[in-house]
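Reproduced below: input_9.cif, with mmCIF, N, CA, C and O atoms.
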data_run
loop_
_atom_site.label_atom_id
_atom_site.label_comp_id
_atom_site.auth_asym_id
_atom_site.auth_seq_id
_atom_site.Cartn_x
_atom_site.Cartn_y
_atom_site.Cartn_z
N ARG F 631 97.71 114.48 92.79
CA ARG F 631 98.16 113.12 92.86
C ARG F 631 99.46 112.99 92.08
O ARG F 631 99.77 113.81 91.23
N TYR F 632 100.21 111.93 92.32
CA TYR F 632 101.47 111.68 91.64
C TYR F 632 101.33 110.40 90.83
O TYR F 632 100.88 109.38 91.34
N GLY F 633 101.69 110.44 89.57
CA GLY F 633 101.65 109.25 88.74
C GLY F 633 102.44 109.46 87.47
O GLY F 633 102.50 110.56 86.93
N SER F 634 103.08 108.41 87.01
CA SER F 634 103.88 108.45 85.77
C SER F 634 104.94 109.55 85.81
O SER F 634 105.21 110.19 84.80
N GLY F 635 105.49 109.80 87.00
CA GLY F 635 106.54 110.79 87.12
C GLY F 635 106.06 112.23 87.14
O GLY F 635 106.87 113.15 87.08
N LEU F 636 104.74 112.46 87.23
CA LEU F 636 104.20 113.81 87.22
C LEU F 636 103.23 114.04 88.37
O LEU F 636 102.50 113.14 88.76
N TRP F 637 103.22 115.28 88.88
CA TRP F 637 102.21 115.69 89.85
C TRP F 637 101.04 116.28 89.10
O TRP F 637 101.21 117.02 88.15
N ARG F 638 99.82 115.96 89.51
CA ARG F 638 98.62 116.46 88.86
C ARG F 638 97.59 116.84 89.91
O ARG F 638 97.38 116.10 90.86
N ASN F 639 96.98 118.00 89.74
CA ASN F 639 95.90 118.42 90.64
C ASN F 639 94.61 117.71 90.28
O ASN F 639 94.31 117.53 89.11
N LEU F 640 93.86 117.33 91.30
CA LEU F 640 92.52 116.81 91.08
C LEU F 640 91.55 117.97 91.20
O LEU F 640 91.71 118.83 92.07
N GLY F 641 90.53 118.02 90.36
CA GLY F 641 89.58 119.12 90.39
C GLY F 641 88.20 118.68 89.91
O GLY F 641 87.88 117.50 89.91
N LYS F 642 87.42 119.64 89.49
CA LYS F 642 86.04 119.37 89.07
C LYS F 642 85.95 118.35 87.95
O LYS F 642 85.05 117.52 87.92
N SER F 643 86.89 118.37 87.03
CA SER F 643 86.86 117.41 85.93
C SER F 643 87.12 115.98 86.39
O SER F 643 86.82 115.02 85.69
N ASP F 644 87.66 115.83 87.61
CA ASP F 644 87.92 114.51 88.20
C ASP F 644 86.79 114.07 89.13
O ASP F 644 86.87 113.01 89.75
N GLY F 645 85.76 114.90 89.27
CA GLY F 645 84.65 114.55 90.14
C GLY F 645 84.67 115.21 91.49
O GLY F 645 83.82 114.95 92.34
N ILE F 646 85.64 116.10 91.72
CA ILE F 646 85.68 116.86 92.97
C ILE F 646 84.70 118.02 92.81
O ILE F 646 84.87 118.86 91.93
N PRO F 647 83.64 118.09 93.65
CA PRO F 647 82.56 119.06 93.39
C PRO F 647 82.89 120.52 93.67
O PRO F 647 82.19 121.40 93.21
N ASP F 648 83.95 120.76 94.41
CA ASP F 648 84.23 122.13 94.85
C ASP F 648 85.73 122.30 95.01
O ASP F 648 86.40 121.44 95.56
N ASP F 649 86.27 123.41 94.52
CA ASP F 649 87.70 123.68 94.68
C ASP F 649 88.05 124.09 96.11
O ASP F 649 89.20 124.02 96.51
N GLY F 650 87.07 124.53 96.88
CA GLY F 650 87.30 124.94 98.26
C GLY F 650 87.13 123.77 99.21
O GLY F 650 86.06 123.57 99.78
N LEU F 651 88.16 122.97 99.36
CA LEU F 651 88.08 121.79 100.22
C LEU F 651 88.34 122.15 101.67
O LEU F 651 89.19 122.98 101.97
N HIS F 652 87.63 121.47 102.56
CA HIS F 652 87.82 121.67 104.00
C HIS F 652 88.77 120.62 104.58
O HIS F 652 89.32 120.82 105.66
N GLY F 653 88.94 119.51 103.89
CA GLY F 653 89.81 118.47 104.40
C GLY F 653 90.11 117.42 103.35
O GLY F 653 89.33 117.20 102.43
N VAL F 654 91.26 116.77 103.52
CA VAL F 654 91.69 115.68 102.66
C VAL F 654 92.22 114.58 103.57
O VAL F 654 93.02 114.85 104.47
N LEU F 655 91.78 113.34 103.34
CA LEU F 655 92.21 112.22 104.17
C LEU F 655 92.68 111.06 103.29
O LEU F 655 91.86 110.43 102.62
N PRO F 656 93.99 110.79 103.24
CA PRO F 656 94.46 109.58 102.58
C PRO F 656 94.14 108.39 103.50
O PRO F 656 94.69 108.29 104.60
N ALA F 657 93.24 107.53 103.09
CA ALA F 657 92.81 106.40 103.92
C ALA F 657 93.76 105.22 103.79
O ALA F 657 94.50 105.10 102.81
N ARG F 658 93.70 104.33 104.76
CA ARG F 658 94.60 103.17 104.76
C ARG F 658 94.34 102.22 103.60
O ARG F 658 95.23 101.48 103.21
N ASP F 659 93.14 102.23 103.04
CA ASP F 659 92.85 101.34 101.92
C ASP F 659 93.36 101.88 100.59
O ASP F 659 93.15 101.27 99.55
N GLY F 660 94.03 103.02 100.61
CA GLY F 660 94.59 103.62 99.39
C GLY F 660 93.70 104.66 98.75
O GLY F 660 94.13 105.35 97.84
N SER F 661 92.47 104.76 99.19
CA SER F 661 91.58 105.79 98.66
C SER F 661 91.90 107.14 99.31
O SER F 661 92.61 107.20 100.31
N VAL F 662 91.37 108.20 98.73
CA VAL F 662 91.53 109.54 99.30
C VAL F 662 90.13 110.14 99.42
O VAL F 662 89.34 110.13 98.47
N TRP F 663 89.82 110.65 100.62
CA TRP F 663 88.53 111.27 100.90
C TRP F 663 88.70 112.78 100.91
O TRP F 663 89.69 113.30 101.43
N PHE F 664 87.71 113.49 100.35
CA PHE F 664 87.72 114.94 100.31
C PHE F 664 86.46 115.47 100.99
O PHE F 664 85.36 115.00 100.70
N ALA F 665 86.62 116.45 101.87
CA ALA F 665 85.49 117.12 102.52
C ALA F 665 85.31 118.48 101.86
O ALA F 665 86.25 119.26 101.78
N SER F 666 84.09 118.75 101.40
CA SER F 666 83.81 120.03 100.76
C SER F 666 82.47 120.57 101.22
O SER F 666 81.71 119.89 101.90
N SER F 667 82.16 121.78 100.82
CA SER F 667 80.87 122.37 101.17
C SER F 667 79.75 121.81 100.30
O SER F 667 78.58 122.11 100.51
N ARG F 668 80.10 120.97 99.34
CA ARG F 668 79.10 120.33 98.48
C ARG F 668 79.05 118.82 98.66
O ARG F 668 78.59 118.10 97.79
N GLY F 669 79.56 118.35 99.77
CA GLY F 669 79.48 116.92 100.07
C GLY F 669 80.82 116.27 100.30
O GLY F 669 81.85 116.92 100.48
N LEU F 670 80.78 114.96 100.28
CA LEU F 670 81.92 114.10 100.56
C LEU F 670 82.28 113.37 99.28
O LEU F 670 81.39 112.92 98.55
N VAL F 671 83.58 113.24 99.01
CA VAL F 671 84.03 112.56 97.79
C VAL F 671 85.10 111.54 98.15
O VAL F 671 85.99 111.81 98.96
N ARG F 672 85.00 110.37 97.54
CA ARG F 672 86.04 109.33 97.69
C ARG F 672 86.67 109.10 96.33
O ARG F 672 85.99 108.80 95.35
N TRP F 673 87.99 109.22 96.26
CA TRP F 673 88.76 109.00 95.03
C TRP F 673 89.52 107.69 95.19
O TRP F 673 90.14 107.44 96.23
N VAL F 674 89.48 106.86 94.15
CA VAL F 674 90.15 105.56 94.18
C VAL F 674 90.92 105.37 92.88
O VAL F 674 90.42 105.70 91.80
N ARG F 675 92.12 104.82 93.01
CA ARG F 675 92.87 104.39 91.83
C ARG F 675 93.23 102.92 92.06
O ARG F 675 93.86 102.58 93.05
N ASP F 676 92.82 102.06 91.14
CA ASP F 676 93.12 100.64 91.25
C ASP F 676 93.31 100.06 89.85
O ASP F 676 93.49 100.80 88.89
N GLU F 677 93.26 98.74 89.75
CA GLU F 677 93.50 98.09 88.45
C GLU F 677 92.45 98.45 87.41
O GLU F 677 92.67 98.29 86.21
N GLN F 678 91.30 98.96 87.84
CA GLN F 678 90.25 99.39 86.90
C GLN F 678 90.41 100.85 86.46
O GLN F 678 89.65 101.32 85.62
N GLY F 679 91.34 101.56 87.06
CA GLY F 679 91.57 102.96 86.71
C GLY F 679 91.25 103.88 87.88
O GLY F 679 91.24 103.46 89.03
N GLU F 680 90.99 105.14 87.58
CA GLU F 680 90.67 106.14 88.60
C GLU F 680 89.18 106.44 88.55
O GLU F 680 88.59 106.52 87.47
N ARG F 681 88.59 106.63 89.73
CA ARG F 681 87.18 106.99 89.78
C ARG F 681 86.87 107.71 91.09
O ARG F 681 87.57 107.56 92.07
N THR F 682 85.83 108.51 91.05
CA THR F 682 85.36 109.20 92.25
C THR F 682 83.93 108.80 92.53
O THR F 682 83.16 108.47 91.61
N SER F 683 83.59 108.81 93.81
CA SER F 683 82.21 108.61 94.26
C SER F 683 81.86 109.81 95.11
O SER F 683 82.59 110.14 96.05
N SER F 684 80.76 110.48 94.78
CA SER F 684 80.32 111.65 95.53
C SER F 684 79.13 111.30 96.40
O SER F 684 78.27 110.51 96.00
N PHE F 685 79.08 111.89 97.59
CA PHE F 685 78.01 111.65 98.53
C PHE F 685 77.48 112.99 99.04
O PHE F 685 78.26 113.83 99.48
N THR F 686 76.18 113.19 98.95
CA THR F 686 75.53 114.39 99.48
C THR F 686 74.42 113.95 100.43
O THR F 686 74.07 112.77 100.49
N SER F 687 73.85 114.90 101.14
CA SER F 687 72.76 114.58 102.06
C SER F 687 71.54 114.04 101.32
O SER F 687 70.73 113.32 101.90
N ALA F 688 71.40 114.36 100.05
CA ALA F 688 70.29 113.82 99.25
C ALA F 688 70.50 112.35 98.91
O ALA F 688 69.55 111.61 98.70
N ASP F 689 71.78 111.92 98.88
CA ASP F 689 72.11 110.54 98.50
C ASP F 689 72.21 109.60 99.69
O ASP F 689 71.88 108.42 99.59
N VAL F 690 72.72 110.10 100.80
CA VAL F 690 73.05 109.27 101.95
C VAL F 690 72.34 109.81 103.18
O VAL F 690 72.58 110.95 103.58
N GLN F 691 71.51 109.01 103.81
CA GLN F 691 70.73 109.47 104.96
C GLN F 691 71.59 109.83 106.16
O GLN F 691 71.21 110.67 106.96
N VAL F 692 72.75 109.21 106.31
CA VAL F 692 73.59 109.49 107.48
C VAL F 692 74.40 110.78 107.34
O VAL F 692 75.07 111.19 108.28
N LEU F 693 74.34 111.42 106.19
CA LEU F 693 75.04 112.68 105.98
C LEU F 693 74.05 113.82 106.26
O LEU F 693 73.19 114.11 105.44
N PRO F 694 74.14 114.46 107.45
CA PRO F 694 73.13 115.45 107.83
C PRO F 694 73.23 116.77 107.08
O PRO F 694 72.28 117.54 107.06
N SER F 695 74.37 117.03 106.46
CA SER F 695 74.58 118.30 105.75
C SER F 695 75.60 118.06 104.64
O SER F 695 76.48 117.21 104.78
N ASP F 696 75.50 118.82 103.57
CA ASP F 696 76.50 118.73 102.50
C ASP F 696 77.80 119.43 102.88
O ASP F 696 78.83 119.21 102.25
N ASP F 697 77.78 120.26 103.88
CA ASP F 697 78.95 121.04 104.29
C ASP F 697 79.82 120.21 105.23
O ASP F 697 79.76 120.34 106.44
N VAL F 698 80.64 119.34 104.64
CA VAL F 698 81.52 118.44 105.40
C VAL F 698 82.78 119.21 105.78
O VAL F 698 83.46 119.77 104.92
N ARG F 699 83.07 119.25 107.07
CA ARG F 699 84.19 120.07 107.58
C ARG F 699 85.39 119.29 108.09
O ARG F 699 86.47 119.83 108.20
N ALA F 700 85.20 118.02 108.44
CA ALA F 700 86.31 117.27 109.05
C ALA F 700 86.24 115.80 108.64
O ALA F 700 85.17 115.25 108.43
N LEU F 701 87.42 115.18 108.53
CA LEU F 701 87.54 113.76 108.22
C LEU F 701 88.53 113.14 109.20
O LEU F 701 89.52 113.77 109.58
N TYR F 702 88.26 111.89 109.59
CA TYR F 702 89.14 111.23 110.55
C TYR F 702 89.09 109.71 110.34
O TYR F 702 88.04 109.15 110.06
N GLN F 703 90.25 109.08 110.48
CA GLN F 703 90.33 107.63 110.51
C GLN F 703 91.31 107.26 111.61
O GLN F 703 92.41 107.82 111.69
N ARG F 704 90.90 106.33 112.47
CA ARG F 704 91.81 105.90 113.55
C ARG F 704 93.10 105.35 112.96
O ARG F 704 93.08 104.72 111.90
N PRO F 705 94.22 105.57 113.65
CA PRO F 705 95.52 105.10 113.14
C PRO F 705 95.59 103.59 112.96
O PRO F 705 96.34 103.10 112.15
N SER F 706 94.80 102.84 113.75
CA SER F 706 94.77 101.39 113.59
C SER F 706 93.34 100.92 113.84
O SER F 706 92.52 101.65 114.37
N GLY F 707 93.07 99.72 113.43
CA GLY F 707 91.73 99.19 113.61
C GLY F 707 91.03 99.03 112.28
O GLY F 707 91.65 98.77 111.26
N ASP F 708 89.72 99.22 112.30
CA ASP F 708 88.95 99.01 111.07
C ASP F 708 89.17 100.16 110.08
O ASP F 708 89.87 101.12 110.35
N GLU F 709 88.54 100.05 108.94
CA GLU F 709 88.72 101.02 107.85
C GLU F 709 87.71 102.16 107.89
O GLU F 709 87.60 102.93 106.94
N THR F 710 86.96 102.29 108.98
CA THR F 710 85.92 103.31 109.08
C THR F 710 86.50 104.72 108.95
O THR F 710 87.50 105.04 109.57
N VAL F 711 85.84 105.54 108.14
CA VAL F 711 86.18 106.95 108.01
C VAL F 711 85.06 107.75 108.68
O VAL F 711 83.88 107.58 108.36
N TRP F 712 85.43 108.59 109.62
CA TRP F 712 84.48 109.43 110.34
C TRP F 712 84.48 110.82 109.72
O TRP F 712 85.50 111.28 109.21
N PHE F 713 83.34 111.49 109.75
CA PHE F 713 83.26 112.83 109.18
C PHE F 713 82.43 113.72 110.10
O PHE F 713 81.62 113.25 110.88
N GLY F 714 82.68 115.01 110.00
CA GLY F 714 81.91 115.99 110.74
C GLY F 714 81.42 117.06 109.77
O GLY F 714 82.11 117.43 108.84
N THR F 715 80.18 117.52 110.00
CA THR F 715 79.61 118.55 109.14
C THR F 715 79.44 119.84 109.93
O THR F 715 79.66 119.88 111.13
N SER F 716 79.03 120.88 109.23
CA SER F 716 78.87 122.17 109.91
C SER F 716 77.66 122.18 110.84
O SER F 716 77.54 123.05 111.69
N THR F 717 76.77 121.19 110.69
CA THR F 717 75.58 121.18 111.54
C THR F 717 75.58 120.06 112.58
O THR F 717 75.06 120.25 113.66
N LYS F 718 76.16 118.92 112.27
CA LYS F 718 76.16 117.78 113.20
C LYS F 718 77.40 116.92 112.95
O LYS F 718 77.94 116.88 111.87
N GLY F 719 77.74 116.15 114.02
CA GLY F 719 78.75 115.11 113.92
C GLY F 719 80.06 115.57 113.47
O GLY F 719 80.88 115.20 112.85
#
Structure translated into structure tokens:
Amino acid sequence: RYGSGLWRNLGKSDGIPDDGLHGVLPARDGSVWFASSRGLVRWVRDEQGERTSSFTSADVQVLPSDDVRALYQRPSGDETVWFGTSTKG
């Protein structure tokens, strides 16, 4: 990420569960989604600071596998982020 005139890598200390990412999606709402073999991560920076939210198949019923391989958001329309895993969707 870029901030205060510096580039900085996001990693495990920032809540990214795996250094081997399969995909990165800068979403229209300003968040960034990461696809990894250990689940899905959403990174947000706003007036409250920076934070990550992690999602695994144990947390979210619609995530059929932790091995997320693809991320997609339509160029226009709603803010929905679509994902594909190694087993389904």
All residues 4.5 Å or closer to Gly714 of chain F, all atoms listed in the file, same chain fewer than 5 positions away omitted, as a list in words: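 Neighbouring residues, sequence-local ones excluded: Asp697, Val698, Arg699, Ala700 and Gly719 of chain F.
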- prompt: Which residue gives the smallest distance to Glu680 of chain F among F:Asp696, F:Asp644, F:Ala665, F:Arg704, with only C-alpha atoms counted?
  reply: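 That would be F:Asp644, the residue with the smallest distance to Glu680 of chain F.
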- request: Compare F:Phe685, F:Trp637, F:Tyr702, F:Phe713 by their minimum atom-to-atom distance to Arg658 of chain F, counting only C-alpha atoms, and give me the closest one.
  value: F:Tyr702
field: strand (DSSP E or B) per DSSP on the backbone: members of chain F, as a ChimeraX atom specification
entry: /F:632-633,636-637,651-656,662-666,669-676,679-685,698-702,712-715
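Atom C of Gln703 of chain F is positioned 26.7 Å from atom C of Lys642 of chain F.
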- prompt: Suppose you want the space between atom N of Leu655 of chain F and atom CA of Lys718 of chain F; what is it in Å?
  reply: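 Interatomic distance here is 19.0 Å.
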